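Shown next: entry.tsv, given as TSV, C-alpha atoms (C1' of nucleotides).
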chain	number	residue	atom	x	y	z
A	1125	MET	CA	-16.21	-17.40	23.66
A	1126	SER	CA	-13.94	-14.80	25.18
A	1127	ALA	CA	-15.14	-11.27	25.69
A	1128	GLU	CA	-14.95	-8.13	23.66
A	1129	SER	CA	-12.48	-8.93	20.94
A	1130	PRO	CA	-14.02	-7.72	17.71
A	1131	GLU	CA	-11.06	-9.65	16.44
A	1132	GLN	CA	-11.41	-8.62	12.88
A	1133	PRO	CA	-7.88	-9.66	12.12
A	1134	GLU	CA	-5.85	-7.00	10.37
A	1135	ARG	CA	-4.43	-7.98	7.05
A	1136	ILE	CA	-0.95	-9.43	7.07
A	1137	SER	CA	1.18	-8.12	4.26
A	1138	ASP	CA	3.42	-10.12	1.99
A	1139	ALA	CA	6.65	-9.29	3.79
A	1140	GLU	CA	5.02	-9.87	7.14
A	1141	HIS	CA	3.82	-13.21	5.95
A	1142	ALA	CA	7.38	-14.37	5.36
A	1143	VAL	CA	8.11	-13.64	8.99
A	1144	MET	CA	5.01	-15.52	10.08
A	1145	GLU	CA	6.13	-18.55	8.10
A	1146	ALA	CA	9.40	-18.59	10.00
A	1147	LEU	CA	7.54	-18.47	13.30
A	1148	TRP	CA	5.07	-21.11	12.25
A	1149	GLN	CA	7.91	-23.37	11.42
A	1150	ARG	CA	9.59	-22.92	14.78
A	1151	ALA	CA	8.71	-20.75	17.73
A	1152	PRO	CA	9.44	-18.96	19.91
A	1153	LEU	CA	12.31	-17.21	18.22
A	1154	THR	CA	14.29	-14.06	18.85
A	1155	ALA	CA	14.42	-11.35	16.22
A	1156	SER	CA	17.90	-12.45	15.22
A	1157	GLU	CA	16.79	-16.04	14.85
A	1158	VAL	CA	13.94	-14.97	12.61
A	1159	CYS	CA	16.47	-13.04	10.56
A	1160	GLU	CA	18.61	-16.13	10.24
A	1161	GLN	CA	15.61	-17.88	8.75
A	1162	VAL	CA	14.53	-15.21	6.28
A	1163	CYS	CA	17.13	-12.50	5.77
A	1164	GLY	CA	19.07	-14.72	3.42
A	1165	THR	CA	16.28	-15.62	1.04
A	1166	ARG	CA	14.62	-12.21	1.04
A	1167	GLY	CA	17.77	-10.13	1.18
A	1168	TRP	CA	16.68	-8.26	4.27
A	1169	SER	CA	18.63	-6.66	7.05
A	1170	LEU	CA	17.97	-7.38	10.70
A	1171	ALA	CA	16.41	-3.93	11.00
A	1172	THR	CA	13.77	-4.87	8.49
A	1173	VAL	CA	12.86	-7.98	10.42
A	1174	LYS	CA	12.56	-5.95	13.59
A	1175	THR	CA	10.15	-3.58	11.89
A	1176	LEU	CA	8.05	-6.41	10.55
A	1177	LEU	CA	7.95	-8.09	13.95
A	1178	SER	CA	6.77	-4.85	15.58
A	1179	ARG	CA	4.04	-4.45	13.04
A	1180	LEU	CA	2.94	-8.01	13.54
A	1181	VAL	CA	2.84	-7.46	17.29
A	1182	ALA	CA	0.75	-4.33	16.73
A	1183	LYS	CA	-1.59	-6.35	14.56
A	1184	GLN	CA	-1.84	-8.94	17.32
A	1185	ALA	CA	-0.60	-11.61	15.00
A	1186	VAL	CA	2.49	-12.24	17.08
A	1187	ALA	CA	3.00	-12.43	20.85
A	1188	THR	CA	6.10	-11.50	22.79
A	1189	ALA	CA	7.49	-13.11	25.91
A	1190	PRO	CA	10.34	-11.41	27.73
A	1191	ASP	CA	13.45	-13.51	28.01
A	1192	GLY	CA	16.06	-11.60	29.94
A	1193	LYS	CA	16.80	-8.47	28.02
A	1194	ARG	CA	15.19	-9.53	24.79
A	1195	PHE	CA	11.93	-10.93	23.53
A	1196	LEU	CA	10.83	-14.23	22.21
A	1197	TYR	CA	8.26	-14.02	19.46
A	1198	SER	CA	5.53	-16.55	18.77
A	1199	PRO	CA	2.58	-16.60	16.40
A	1200	ARG	CA	-0.75	-15.71	17.92
A	1201	ILE	CA	-2.78	-16.80	14.97
A	1202	ALA	CA	-2.73	-20.33	13.64
A	1203	ARG	CA	-1.37	-20.92	10.19
A	1204	GLN	CA	-4.49	-22.91	9.57
A	1205	ASP	CA	-6.63	-19.82	10.15
A	1206	TYR	CA	-4.49	-17.55	8.09
A	1207	VAL	CA	-4.45	-19.94	5.19
A	1208	GLY	CA	-8.18	-20.31	5.56
A	1209	THR	CA	-9.07	-16.67	5.29
A	1210	GLU	CA	-6.61	-16.08	2.49
A	1211	SER	CA	-7.92	-18.96	0.46
A	1212	ARG	CA	-11.46	-17.88	1.02
A	1213	ARG	CA	-10.60	-14.35	-0.05
A	1214	LEU	CA	-9.23	-15.62	-3.32
A	1215	VAL	CA	-12.08	-17.96	-4.01
A	1216	ASP	CA	-14.56	-15.21	-3.26
A	1217	ARG	CA	-12.84	-12.60	-5.33
A	1218	LEU	CA	-12.04	-14.65	-8.36
A	1219	PHE	CA	-14.46	-17.52	-8.45
A	1220	GLY	CA	-17.62	-16.17	-6.92
A	1221	GLY	CA	-17.04	-18.10	-3.74
A	1222	ARG	CA	-17.23	-21.44	-5.48
A	1223	ALA	CA	-14.34	-23.83	-5.23
A	1224	ALA	CA	-15.14	-25.86	-8.30
A	1225	PRO	CA	-14.19	-23.14	-10.80
A	1226	LEU	CA	-10.89	-22.70	-9.03
A	1227	PHE	CA	-10.26	-26.36	-9.37
A	1228	ALA	CA	-11.30	-26.28	-13.01
A	1229	HIS	CA	-8.92	-23.46	-13.59
A	1230	LEU	CA	-6.01	-25.24	-12.00
A	1231	ALA	CA	-6.78	-28.30	-14.05
A	1232	GLU	CA	-6.93	-26.34	-17.24
A	1233	ALA	CA	-3.68	-24.57	-16.47
A	1234	ASP	CA	-1.95	-27.91	-15.92
A	1235	ALA	CA	-1.23	-26.86	-12.39
A	1236	LEU	CA	-2.17	-30.26	-11.11
A	1237	THR	CA	0.39	-33.00	-10.80
A	1238	GLU	CA	-0.45	-36.66	-10.92
A	1239	GLU	CA	0.07	-36.68	-7.22
A	1240	ASP	CA	-2.36	-33.83	-6.70
A	1241	ILE	CA	-4.97	-35.64	-8.68
A	1242	ALA	CA	-4.51	-38.83	-6.73
A	1243	GLU	CA	-4.68	-37.04	-3.42
A	1244	ILE	CA	-7.72	-35.08	-4.36
A	1245	GLU	CA	-9.41	-38.19	-5.50
A	1246	ALA	CA	-8.71	-39.82	-2.18
A	1247	LEU	CA	-10.07	-36.80	-0.37
A	1248	LEU	CA	-13.20	-36.93	-2.44
A	1249	GLN	CA	-13.76	-40.52	-1.46
A	1250	GLU	CA	-13.56	-39.53	2.16
A	1251	LEU	CA	-15.92	-36.64	1.71
A	1252	LYS	CA	-18.51	-38.81	0.13
A	1253	SER	CA	-18.58	-41.24	2.98
B	551	MET	CA	7.00	-13.38	-30.02
B	552	SER	CA	6.68	-9.62	-30.26
B	553	ALA	CA	9.59	-7.36	-29.49
B	554	GLU	CA	10.76	-5.63	-26.37
B	555	SER	CA	7.87	-5.96	-23.98
B	556	PRO	CA	9.37	-7.21	-20.73
B	557	GLU	CA	5.70	-7.53	-20.02
B	558	GLN	CA	6.14	-8.31	-16.40
B	559	PRO	CA	2.58	-7.34	-15.70
B	560	GLU	CA	2.20	-4.87	-12.87
B	561	ARG	CA	0.08	-6.01	-10.00
B	562	ILE	CA	-3.56	-5.06	-10.13
B	563	SER	CA	-4.87	-3.85	-6.80
B	564	ASP	CA	-8.08	-4.85	-5.15
B	565	ALA	CA	-10.04	-1.77	-6.14
B	566	GLU	CA	-8.67	-1.93	-9.66
B	567	HIS	CA	-9.72	-5.51	-9.88
B	568	ALA	CA	-13.35	-4.56	-9.33
B	569	VAL	CA	-13.11	-2.30	-12.36
B	570	MET	CA	-11.55	-5.08	-14.39
B	571	GLU	CA	-14.41	-7.37	-13.51
B	572	ALA	CA	-16.86	-4.87	-14.92
B	573	LEU	CA	-14.90	-4.67	-18.14
B	574	TRP	CA	-14.53	-8.41	-18.39
B	575	GLN	CA	-18.22	-8.75	-18.11
B	576	ARG	CA	-18.93	-6.26	-20.86
B	577	ALA	CA	-16.63	-4.11	-22.93
B	578	PRO	CA	-15.95	-1.59	-24.24
B	579	LEU	CA	-17.49	0.74	-21.69
B	580	THR	CA	-17.23	4.44	-20.92
B	581	ALA	CA	-16.11	5.56	-17.50
B	582	SER	CA	-19.68	6.37	-16.56
B	583	GLU	CA	-20.86	2.96	-17.63
B	584	VAL	CA	-18.19	1.32	-15.51
B	585	CYS	CA	-19.40	3.45	-12.63
B	586	GLU	CA	-22.92	2.26	-13.17
B	587	GLN	CA	-21.65	-1.28	-12.76
B	588	VAL	CA	-19.55	-0.80	-9.67
B	589	CYS	CA	-20.18	2.52	-7.90
B	590	GLY	CA	-23.28	1.12	-6.29
B	591	THR	CA	-21.81	-1.98	-4.73
B	592	ARG	CA	-18.51	-0.40	-3.71
B	593	GLY	CA	-19.88	2.99	-2.74
B	594	TRP	CA	-17.57	4.86	-5.06
B	595	SER	CA	-17.94	8.14	-6.85
B	596	LEU	CA	-17.39	8.51	-10.57
B	597	ALA	CA	-14.14	10.32	-9.81
B	598	THR	CA	-12.79	7.22	-8.13
B	599	VAL	CA	-13.61	5.07	-11.11
B	600	LYS	CA	-11.85	7.52	-13.39
B	601	THR	CA	-8.73	7.35	-11.26
B	602	LEU	CA	-8.75	3.58	-11.25
B	603	LEU	CA	-9.23	3.48	-15.00
B	604	SER	CA	-6.26	5.79	-15.52
B	605	ARG	CA	-4.09	3.63	-13.34
B	606	LEU	CA	-5.16	0.53	-15.20
B	607	VAL	CA	-4.35	2.21	-18.48
B	608	ALA	CA	-0.93	3.14	-17.11
B	609	LYS	CA	-0.42	-0.46	-16.10
B	610	GLN	CA	-1.38	-1.54	-19.58
B	611	ALA	CA	-4.18	-3.64	-18.22
B	612	VAL	CA	-6.81	-1.61	-20.04
B	613	ALA	CA	-6.89	-0.11	-23.53
B	614	THR	CA	-8.65	3.05	-24.63
B	615	ALA	CA	-10.35	3.78	-27.92
B	616	PRO	CA	-11.50	7.33	-28.65
B	617	ASP	CA	-15.20	7.66	-29.27
B	618	GLY	CA	-16.00	11.25	-30.08
B	619	LYS	CA	-15.05	13.30	-27.09
B	620	ARG	CA	-14.72	10.42	-24.65
B	621	PHE	CA	-13.00	7.09	-24.38
B	622	LEU	CA	-14.13	3.55	-24.49
B	623	TYR	CA	-12.25	1.24	-22.19
B	624	SER	CA	-11.55	-2.45	-22.77
B	625	PRO	CA	-9.47	-5.02	-20.94
B	626	ARG	CA	-6.07	-5.74	-22.43
B	627	ILE	CA	-5.40	-8.76	-20.30
B	628	ALA	CA	-7.61	-11.81	-20.30
B	629	ARG	CA	-9.47	-12.68	-17.14
B	630	GLN	CA	-8.19	-16.19	-17.63
B	631	ASP	CA	-4.61	-14.95	-17.33
B	632	TYR	CA	-5.26	-12.75	-14.35
B	633	VAL	CA	-7.04	-15.50	-12.52
B	634	GLY	CA	-4.24	-17.83	-13.42
B	635	THR	CA	-1.43	-15.77	-12.00
B	636	GLU	CA	-3.38	-14.86	-8.90
B	637	SER	CA	-4.28	-18.47	-8.18
B	638	ARG	CA	-0.75	-19.55	-8.72
B	639	ARG	CA	0.52	-16.84	-6.41
B	640	LEU	CA	-1.71	-18.09	-3.65
B	641	VAL	CA	-0.92	-21.72	-4.15
B	642	ASP	CA	2.79	-20.94	-4.20
B	643	ARG	CA	2.73	-18.73	-1.16
B	644	LEU	CA	0.51	-20.82	1.04
B	645	PHE	CA	0.72	-24.37	-0.17
B	646	GLY	CA	4.22	-24.74	-1.51
B	647	GLY	CA	2.94	-24.70	-5.06
B	648	ARG	CA	0.87	-27.84	-4.61
B	649	ALA	CA	-2.83	-27.78	-5.33
B	650	ALA	CA	-3.78	-30.79	-3.26
B	651	PRO	CA	-3.18	-29.10	0.10
B	652	LEU	CA	-5.34	-26.22	-1.01
B	653	PHE	CA	-8.08	-28.60	-1.87
B	654	ALA	CA	-7.62	-30.42	1.42
B	655	HIS	CA	-7.88	-27.16	3.21
B	656	LEU	CA	-11.07	-26.15	1.49
B	657	ALA	CA	-12.54	-29.52	2.24
B	658	GLU	CA	-11.62	-29.30	5.87
B	659	ALA	CA	-13.02	-25.82	6.17
B	660	ASP	CA	-16.33	-26.96	4.74
B	661	ALA	CA	-15.87	-24.57	1.89
B	662	LEU	CA	-17.05	-27.14	-0.59
B	663	THR	CA	-20.69	-27.45	-1.47
B	664	GLU	CA	-22.28	-30.64	-2.70
B	665	GLU	CA	-22.25	-29.09	-6.11
B	666	ASP	CA	-18.55	-28.33	-5.94
B	667	ILE	CA	-17.83	-31.87	-5.02
B	668	ALA	CA	-19.88	-33.24	-7.84
B	669	GLU	CA	-18.27	-30.93	-10.36
B	670	ILE	CA	-14.80	-31.67	-9.19
B	671	GLU	CA	-15.49	-35.33	-9.37
B	672	ALA	CA	-16.63	-34.95	-12.95
B	673	LEU	CA	-13.51	-32.98	-13.78
B	674	LEU	CA	-11.39	-35.66	-12.26
B	675	GLN	CA	-13.00	-38.26	-14.46
B	676	GLU	CA	-12.13	-36.19	-17.49
B	677	LEU	CA	-8.58	-35.68	-16.37
B	678	LYS	CA	-8.04	-39.35	-15.95
B	679	SER	CA	-9.11	-40.21	-19.44
C	738	DC	C1'	-23.10	33.78	-27.81
C	739	DG	C1'	-23.16	32.44	-23.17
C	740	DT	C1'	-23.62	28.82	-19.94
C	741	DA	C1'	-24.13	24.41	-17.92
C	742	DG	C1'	-22.83	19.74	-18.23
C	743	DT	C1'	-19.43	16.14	-19.12
C	744	DC	C1'	-14.69	14.23	-20.32
C	745	DG	C1'	-10.15	13.00	-19.32
C	746	DA	C1'	-6.06	14.77	-16.82
C	747	DT	C1'	-3.93	16.67	-12.84
C	748	DT	C1'	-3.41	17.20	-8.10
C	749	DA	C1'	-4.37	15.83	-3.30
C	750	DC	C1'	-3.99	13.45	0.87
C	751	DG	C1'	-3.89	10.07	4.38
C	752	DC	C1'	-2.83	5.08	5.07
C	753	DT	C1'	-0.11	0.89	4.33
C	754	DT	C1'	4.04	-1.43	2.83
C	755	DG	C1'	8.89	-2.28	2.05
C	756	DT	C1'	13.09	-1.25	3.64
C	757	DA	C1'	16.03	0.53	6.80
C	758	DA	C1'	18.96	3.91	9.90
C	759	DA	C1'	19.22	6.24	14.36
C	760	DC	C1'	18.46	6.20	19.28
C	761	DG	C1'	18.35	5.00	24.04
C	762	DA	C1'	18.78	1.34	27.50
C	763	DT	C1'	21.23	-2.34	29.17
C	764	DA	C1'	24.29	-6.29	29.64
C	765	DA	C1'	28.76	-8.18	29.21
C	766	DC	C1'	33.37	-7.86	28.96
C	767	DA	C1'	37.88	-5.87	29.67
D	1257	DT	C1'	34.30	1.59	35.29
D	1258	DG	C1'	34.42	2.44	30.60
D	1259	DT	C1'	33.32	0.52	26.20
D	1260	DT	C1'	31.08	-2.33	23.02
D	1261	DA	C1'	27.56	-5.27	21.35
D	1262	DT	C1'	22.74	-6.05	21.29
D	1263	DC	C1'	17.84	-5.28	22.27
D	1264	DG	C1'	13.49	-3.08	21.26
D	1265	DT	C1'	11.61	1.52	19.90
D	1266	DT	C1'	11.30	5.56	17.16
D	1267	DT	C1'	11.75	7.88	13.09
D	1268	DA	C1'	12.31	8.01	7.92
D	1269	DC	C1'	11.05	7.90	3.41
D	1270	DA	C1'	9.61	6.48	-1.15
D	1271	DA	C1'	6.10	3.79	-3.55
D	1272	DG	C1'	1.50	2.01	-3.92
D	1273	DC	C1'	-3.40	2.35	-2.79
D	1274	DG	C1'	-8.14	4.19	-1.74
D	1275	DT	C1'	-10.73	7.91	-2.40
D	1276	DA	C1'	-11.71	11.94	-4.31
D	1277	DA	C1'	-11.89	17.29	-5.71
D	1278	DT	C1'	-10.43	20.41	-9.09
D	1279	DC	C1'	-9.18	22.01	-13.70
D	1280	DG	C1'	-9.16	22.92	-18.51
D	1281	DA	C1'	-11.32	21.60	-22.79
D	1282	DC	C1'	-15.24	20.92	-25.30
D	1283	DT	C1'	-20.16	20.22	-26.48
D	1284	DA	C1'	-24.85	20.94	-26.53
D	1285	DC	C1'	-28.63	23.59	-25.37
D	1286	DG	C1'	-30.98	27.83	-24.92
Written as structure tokens, how would this file's structure read?
Amino acid sequence: MSAESPEQPERISDAEHAVMEALWQRAPLTASEVCEQVCGTRGWSLATVKTLLSRLVAKQAVATAPDGKRFLYSPRIARQDYVGTESRRLVDRLFGGRAAPLFAHLAEADALTEEDIAEIEALLQELKS
Amino acid sequence: MSAESPEQPERISDAEHAVMEALWQRAPLTASEVCEQVCGTRGWSLATVKTLLSRLVAKQAVATAPDGKRFLYSPRIARQDYVGTESRRLVDRLFGGRAAPLFAHLAEADALTEEDIAEIEALLQELKS
DNA sequence: CGTAGTCGATTACGCTTGTAAACGATAACA
DNA sequence: TGTTATCGTTTACAAGCGTAATCGACTACG
């Protein structure tokens, strides 16, 4: 383990998350390239993306590498980890930390496609072996 | 359908959610009774609970009924619904709306207990019939 | 009748978030 | 060399949130 990082990762907000998604999909990117990915769908200006990138850098969720006069941005946290903590948060908050009730809820709400069911079944088989 | 409620339900914050949980568990309750349920675990003062209750009333998530000089508070939205939208939000944001990847993730992160697995398996059986 | 307790309502205040404009440095081009 | 386009940084500002103190009304007790 590396030294002295309490590394209690600061929460990433909703808007920031959109930026992370762009970087997870392809990195490193310049601020303008990130904007190309997200400004359209979210209706943001480049300035907004710059702000979000700075905040993410401050939160140590994104790293910068100088490239001439500008920076290239890359994720410092793995999507896997982010998704993990977020899922756990939800399961803890809403389902007492148990995954089964979440699953039951999704089932009841018809949020499961045939495909989902098949895949989950396959996963279950694996887990049992 | 009833008239003129755009009824786009305002987001319930984290702290507010704790209050909702108390009311979902037992209602109606006075502000002090809610405090008894939550002030301990969250380290809040009664004043904080009162603020949260007011905000929930403003958001139409909680209803008040006068009882002598004070109010009795009850949830106006069903836990089922809240849990539903929150789960869907997560699944949409992180897993492209598909439940199977969420499940896969939980499995991979060892977030599933033996019990969970058994229950989910049972649910699957039901779904298939 | 005064006073202490209790309610809900109002006000407070610092932090985060969403959204962006303004600024200063620099590189590229004319 | 002067100007323009482009970076990252700084500043801005309203809304939402966490956390609470204060206030005005009222009740119950002495």
- Output the contact residues of chain B with respect to chain A at a cut-off of 10 Å, based on only C-alpha atoms, as a PyMOL selection string. chain B and resi 564+567-568+571+629-634+636-638+640-641+643-645+647-659+661-671+673-675+677-678
What are the residues of chain B that have an atom within 9 Å of an atom of chain D, counting all atoms listed in the file, as a PDB file with C-alpha atoms, in the coordinates of the input?
ATOM      1  CA  SER B 563      -4.870  -3.850  -6.800  1.00  0.00           C
ATOM      2  CA  ASP B 564      -8.080  -4.850  -5.150  1.00  0.00           C
ATOM      3  CA  ALA B 565     -10.040  -1.770  -6.140  1.00  0.00           C
ATOM      4  CA  TRP B 594     -17.570   4.860  -5.060  1.00  0.00           C
ATOM      5  CA  SER B 595     -17.940   8.140  -6.850  1.00  0.00           C
ATOM      6  CA  ALA B 597     -14.140  10.320  -9.810  1.00  0.00           C
ATOM      7  CA  THR B 598     -12.790   7.220  -8.130  1.00  0.00           C
ATOM      8  CA  THR B 601      -8.730   7.350 -11.260  1.00  0.00           C
ATOM      9  CA  LYS B 619     -15.050  13.300 -27.090  1.00  0.00           C
TER      10      LYS B 619
END
- Item | Shortest interatomic distance to chain A - which of C:DA764, C:DC750, C:DA759, C:DC744, counting all atoms listed in the file |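 The closest residue to chain A is C:DA764.
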- Message: From the options A:Val1173, A:Met1144, A:Ser1178, A:Cys1159, which residue's atoms come nearest to chain C, counting all atoms listed in the file?
- Response: A:Val1173
Hey, can I get the axis-aligned box for range 1209-1215 of chain A? All listed atoms, 5 Å padding on each side, centre and edge lengths in Å to one decimal, as JSON.
{"center_x": -9.3, "center_y": -16.7, "center_z": 0.6, "size_x": 15.5, "size_y": 14.6, "size_z": 19.3}
- Message: What are the residues of chain B lining chain C at 12 Å or less? Count only C-alpha atoms (C1' of nucleotides), and put the answer as a VMD selection string.
- Response: chain B and resid 580 to 582 596 to 597 599 to 601 603 to 605 614 616 to 622
- Item | Minimum-distance residue to Ala1146 in chain A, chosen among A:Thr1209, A:Thr1165, A:Ser1253, A:Gln1184 (using only C-alpha atoms) |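 Of A:Thr1209, A:Thr1165, A:Ser1253, A:Gln1184, the one nearest Ala1146 in chain A is A:Thr1165, counting only C-alpha atoms.
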- Task: Rounded to one decimal place, report the CA of Arg1200 in chain A-CA of Arg639 in chain B distance in Å.
- Result: 24.4 Å
- Query: Counting all atoms listed in the file, what is within 10 Å of Arg576 in chain B, bar same-chain residues fewer than 6 positions away, as a ChimeraX atom specification?
  - Reply: /B:570,583-584,587,624-625
Quick one: range 601-617 of chain B with N, CA and C atoms, as a PDB file, keeping the file's coordinate frame?
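Resulting contents of result28.pdb:
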ATOM      1  N   THR B 601     -10.101   7.548 -11.726  1.00  0.00           N
ATOM      2  CA  THR B 601      -8.730   7.350 -11.260  1.00  0.00           C
ATOM      3  C   THR B 601      -8.291   5.915 -11.494  1.00  0.00           C
ATOM      4  N   LEU B 602      -9.122   4.991 -11.112  1.00  0.00           N
ATOM      5  CA  LEU B 602      -8.750   3.580 -11.250  1.00  0.00           C
ATOM      6  C   LEU B 602      -8.540   3.238 -12.714  1.00  0.00           C
ATOM      7  N   LEU B 603      -9.406   3.750 -13.578  1.00  0.00           N
ATOM      8  CA  LEU B 603      -9.230   3.480 -15.000  1.00  0.00           C
ATOM      9  C   LEU B 603      -7.891   4.024 -15.491  1.00  0.00           C
ATOM     10  N   SER B 604      -7.545   5.236 -15.084  1.00  0.00           N
ATOM     11  CA  SER B 604      -6.260   5.790 -15.520  1.00  0.00           C
ATOM     12  C   SER B 604      -5.116   4.886 -15.065  1.00  0.00           C
ATOM     13  N   ARG B 605      -5.188   4.468 -13.833  1.00  0.00           N
ATOM     14  CA  ARG B 605      -4.090   3.630 -13.340  1.00  0.00           C
ATOM     15  C   ARG B 605      -4.023   2.317 -14.099  1.00  0.00           C
ATOM     16  N   LEU B 606      -5.165   1.787 -14.441  1.00  0.00           N
ATOM     17  CA  LEU B 606      -5.160   0.530 -15.200  1.00  0.00           C
ATOM     18  C   LEU B 606      -4.601   0.752 -16.597  1.00  0.00           C
ATOM     19  N   VAL B 607      -4.910   1.907 -17.175  1.00  0.00           N
ATOM     20  CA  VAL B 607      -4.350   2.210 -18.480  1.00  0.00           C
ATOM     21  C   VAL B 607      -2.833   2.311 -18.357  1.00  0.00           C
ATOM     22  N   ALA B 608      -2.376   2.999 -17.322  1.00  0.00           N
ATOM     23  CA  ALA B 608      -0.930   3.140 -17.110  1.00  0.00           C
ATOM     24  C   ALA B 608      -0.279   1.766 -16.950  1.00  0.00           C
ATOM     25  N   LYS B 609      -0.963   0.887 -16.303  1.00  0.00           N
ATOM     26  CA  LYS B 609      -0.420  -0.460 -16.100  1.00  0.00           C
ATOM     27  C   LYS B 609      -0.607  -1.352 -17.308  1.00  0.00           C
ATOM     28  N   GLN B 610      -1.146  -0.789 -18.350  1.00  0.00           N
ATOM     29  CA  GLN B 610      -1.380  -1.540 -19.580  1.00  0.00           C
ATOM     30  C   GLN B 610      -2.323  -2.718 -19.378  1.00  0.00           C
ATOM     31  N   ALA B 611      -3.208  -2.575 -18.439  1.00  0.00           N
ATOM     32  CA  ALA B 611      -4.180  -3.640 -18.220  1.00  0.00           C
ATOM     33  C   ALA B 611      -5.476  -3.314 -18.952  1.00  0.00           C
ATOM     34  N   VAL B 612      -5.596  -2.061 -19.362  1.00  0.00           N
ATOM     35  CA  VAL B 612      -6.810  -1.610 -20.040  1.00  0.00           C
ATOM     36  C   VAL B 612      -6.403  -0.756 -21.232  1.00  0.00           C
ATOM     37  N   ALA B 613      -7.148  -0.893 -22.325  1.00  0.00           N
ATOM     38  CA  ALA B 613      -6.890  -0.110 -23.530  1.00  0.00           C
ATOM     39  C   ALA B 613      -7.998   0.911 -23.714  1.00  0.00           C
ATOM     40  N   THR B 614      -7.657   2.026 -24.354  1.00  0.00           N
ATOM     41  CA  THR B 614      -8.650   3.050 -24.630  1.00  0.00           C
ATOM     42  C   THR B 614      -8.831   3.197 -26.127  1.00  0.00           C
ATOM     43  N   ALA B 615     -10.078   3.468 -26.523  1.00  0.00           N
ATOM     44  CA  ALA B 615     -10.350   3.780 -27.920  1.00  0.00           C
ATOM     45  C   ALA B 615     -11.184   5.050 -27.920  1.00  0.00           C
ATOM     46  N   PRO B 616     -10.747   6.068 -28.645  1.00  0.00           N
ATOM     47  CA  PRO B 616     -11.500   7.330 -28.650  1.00  0.00           C
ATOM     48  C   PRO B 616     -12.849   7.116 -29.310  1.00  0.00           C
ATOM     49  N   ASP B 617     -13.853   7.748 -28.731  1.00  0.00           N
ATOM     50  CA  ASP B 617     -15.200   7.660 -29.270  1.00  0.00           C
ATOM     51  C   ASP B 617     -15.790   9.042 -29.125  1.00  0.00           C
TER      52      ASP B 617
END
